[in-house]
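Colleague: I have a structure here, written as structure tokens, and I will follow up with some questions on it.
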There are 2 protein chains.
Amino acid sequence: MTDDQNTKPHHHGDLRSALIQAGIALLSEGGKDSLTLRKCAARAGVSHAAPAHHFDGISGLRGAIAQEGFRLFRLSMLNASGTENQSELDHLKAICSGYLNFAIDNPALFDLIFSSAPMEGLESNLKSGTAFSYDVLRKACAPFVQPGQDPMIIETQVWSLIHGYTHLYMASRFGRIDLSHQARGPFDQVVSLLDALVVSNATKA
Amino acid sequence: MTDDQNTKPHHHGDLRSALIQAGIALLSEGGKDSLTLRKCAARAGVSHAAPAHHFDGISGLRGAIAQEGFRLFRLSMLNASGTENQSELDHLKAICSGYLNFAIDNPALFDLIFSSAPMEGLESNLKSGTAFSYDVLRKACAPFVQPGQDPMIIETQVWSLIHGYTHLYMASRFGRIDLSHQARGPFDQVVSLLDALVVSNATKA
DNA sequence: CAGCTGACTTGACAGTGTCAAGTTGATCTG
DNA sequence: CAGATCAACTTGACACTGTCAAGTCAGCTG
């Protein structure tokens, strides 16, 4: 696969990232149950116990994959907020759209990075990854924060709304809808609840 | 569920529901990874292959457990909406509180019933179970629906908000908070976004 | 009573994560 | 250049998982 003949440091070269990429590919192809230490090892062309030297078991691999997943997740949000000349509300909604896009494009990876199971190992690295993603949302929420108000409140409101919609959408709870960017359910109508942030802003100002 | 209670069919008596209860107990004690066909069988006092006669493999058992989980989930929401003399908004917020309570009390079961993996088998039974739970939310949302408006919009807004908050809360995304009914994070401040439903109602009326 | 059917058991198999011990090859030291 | 070192990786084993095939056994039907 990624074997380079010229610079082979040891046996494989960069097994760690090869295993992470193999894991993401497995998630993408076969869902979360397809993510397996042995399958990752096989796909990277090494023996079944090789990953143990780079991750602390399967949970360590999952943590490392989640870290990479958060990087892609952040890129999806940033990518969706393309145009510059848009209102702050439209910008926030675009971020939310990127949030949903990532889940649609990477269902199993989205599931993994928001898995209830707290990630063992790499806790600090993973936390920095999540914080890096969270900053995207935080910046988009900043214009709606009242003076003297804790920004966390609006951030949590927005995050809960878009995360809940995305999670329920992926679980097919809004009826049987095909998962694509075109048919994304009542997304626009749901995020219109965020219009209240502006109204509240105007009335109080 | 559809088994006859009075007559002992053969050897065990009511193995099917015994397996479901064993599964819920396992989820409660050891998390989602503890739910195992063989452990359920052992806890019910039967051989490891006995469950195959009552469920279609592990996914069938998970579906049956989810069905029972939705029943308990509905009860948690109804139980939280106790007092009668409260505003419609407070009633809706109380339902949301019951939503969160259920997840706090049954983390792994909450995870299971909203698992992204579509449940195989029992699809129709499970769907009726979810619909039964959804009715609680629907009724609480009804007073806020505008004439001529699709009720699904408000329902999805509310559901997304409370589900997202609950899911993120359970994933410990709002910092490290101990999971209890007393310390439930910024729950009240987040659901206050639903005040906009009343404001919108008043302005348009 | 003979036979049948459904509930359950027993045994096997492939796949999984994890551990212990062995092998290999790049680099370092003299 | 020769030998030592040591991380990277392999090999083999173990317990555990889901699933399948065949066997056992109780109670019912004819």
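By convention in this document, the chains of the structure tokens carry letters A, B, ... by their order, each chain's residues are numbered from 1, and ligands are numbered from 1 in the order they are shown.
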Which residues of chain A are close to chain D, meaning at most 10 Å apart when you count only C-alpha atoms (C1' of nucleotides), and how do they look as a JSON list (two decimals) with N, CA and C atoms, in the first residue's frame?

Modeller:
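Contents of iface35.json, as written:
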[["chain", "number", "residue", "atom", "x", "y", "z"],
["A", 10, "HIS", "N", 12.42, 0.86, 9.64],
["A", 10, "HIS", "CA", 12.61, -0.45, 10.25],
["A", 10, "HIS", "C", 12.01, -1.51, 9.35],
["A", 11, "HIS", "N", 10.90, -1.99, 9.78],
["A", 11, "HIS", "CA", 10.23, -3.01, 8.97],
["A", 11, "HIS", "C", 9.16, -2.41, 8.09],
["A", 12, "HIS", "N", 8.33, -1.64, 8.69],
["A", 12, "HIS", "CA", 7.17, -1.16, 7.95],
["A", 12, "HIS", "C", 7.35, 0.26, 7.43],
["A", 15, "LEU", "N", 3.94, 2.45, 10.57],
["A", 15, "LEU", "CA", 2.85, 1.53, 10.84],
["A", 15, "LEU", "C", 1.72, 2.20, 11.59],
["A", 46, "VAL", "N", 0.86, -6.42, 8.31],
["A", 46, "VAL", "CA", 1.69, -6.88, 9.43],
["A", 46, "VAL", "C", 0.94, -7.97, 10.19],
["A", 47, "SER", "N", 1.60, -8.54, 11.15],
["A", 47, "SER", "CA", 0.98, -9.64, 11.89],
["A", 47, "SER", "C", -0.08, -9.12, 12.86],
["A", 48, "HIS", "N", -0.85, -10.05, 13.40],
["A", 48, "HIS", "CA", -2.03, -9.63, 14.15],
["A", 48, "HIS", "C", -1.68, -8.94, 15.46],
["A", 49, "ALA", "N", -0.50, -9.17, 15.98],
["A", 49, "ALA", "CA", -0.14, -8.58, 17.26],
["A", 49, "ALA", "C", 0.72, -7.33, 17.12],
["A", 50, "ALA", "N", 1.01, -6.94, 15.90],
["A", 50, "ALA", "CA", 1.86, -5.78, 15.69],
["A", 50, "ALA", "C", 1.27, -4.49, 16.27],
["A", 51, "PRO", "N", -0.03, -4.27, 16.14],
["A", 51, "PRO", "CA", -0.58, -2.99, 16.63],
["A", 51, "PRO", "C", -0.33, -2.75, 18.12],
["A", 53, "HIS", "N", 2.22, -2.67, 19.69],
["A", 53, "HIS", "CA", 3.41, -1.87, 19.94],
["A", 53, "HIS", "C", 3.18, -0.39, 19.66],
["A", 54, "HIS", "N", 2.01, -0.04, 19.11],
["A", 54, "HIS", "CA", 1.73, 1.36, 18.80],
["A", 54, "HIS", "C", 0.52, 1.90, 19.53]]

Colleague: Near range 75-81 of chain A, counting only C-alpha atoms (C1' of nucleotides), which residues have an atom at most 6 Å away, once you skip same-chain residues fewer than 4 positions from it, shown as a list in words?

Modeller: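 Here the qualifying residues turn out to be Ala94, Ile95, Gly98, Tyr99 and Phe102 of chain A.
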
Colleague: Using only C-alpha atoms (C1' of nucleotides), which residue out of C:DA2, C:DT29, C:DG15, C:DG22 lies closest to chain A?

Modeller: C:DG15

Colleague: Measuring atom to atom with only C-alpha atoms, identify which of A:Cys96, A:Val198, A:Leu168, A:Ala183 is nearest to chain B.

Modeller: A:Leu168

Colleague: Counting only C-alpha atoms (C1' of nucleotides), which residues from chain C have an atom at most 8 Å from any atom of chain B, and could you show them as a PyMOL selection string?

Modeller: chain C and resi 7-9

Colleague: Near chain B, which residues of chain A fall within 6 Å when you count only C-alpha atoms, and what do they look like as a PyMOL selection string?

Modeller: chain A and resi 116+157+160-161+163-165+171+190+196

Colleague: DSSP on the backbone: which residues in chain A end up as alpha helix (DSSP H)? Give the answer as a PyMOL selection string.

Modeller: chain A and resi 15-30+37-44+57-80+88-105+107-113+123-141+151-170+187-191+195-204

Colleague: Restricting the calculation to only C-alpha atoms, which member of B:His91, B:His181, B:Ile20, B:Gln86 is positioned closest to Ile58 in chain B?

Modeller: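 Ranked by minimum distance to Ile58 in chain B, first place goes to B:Ile20.
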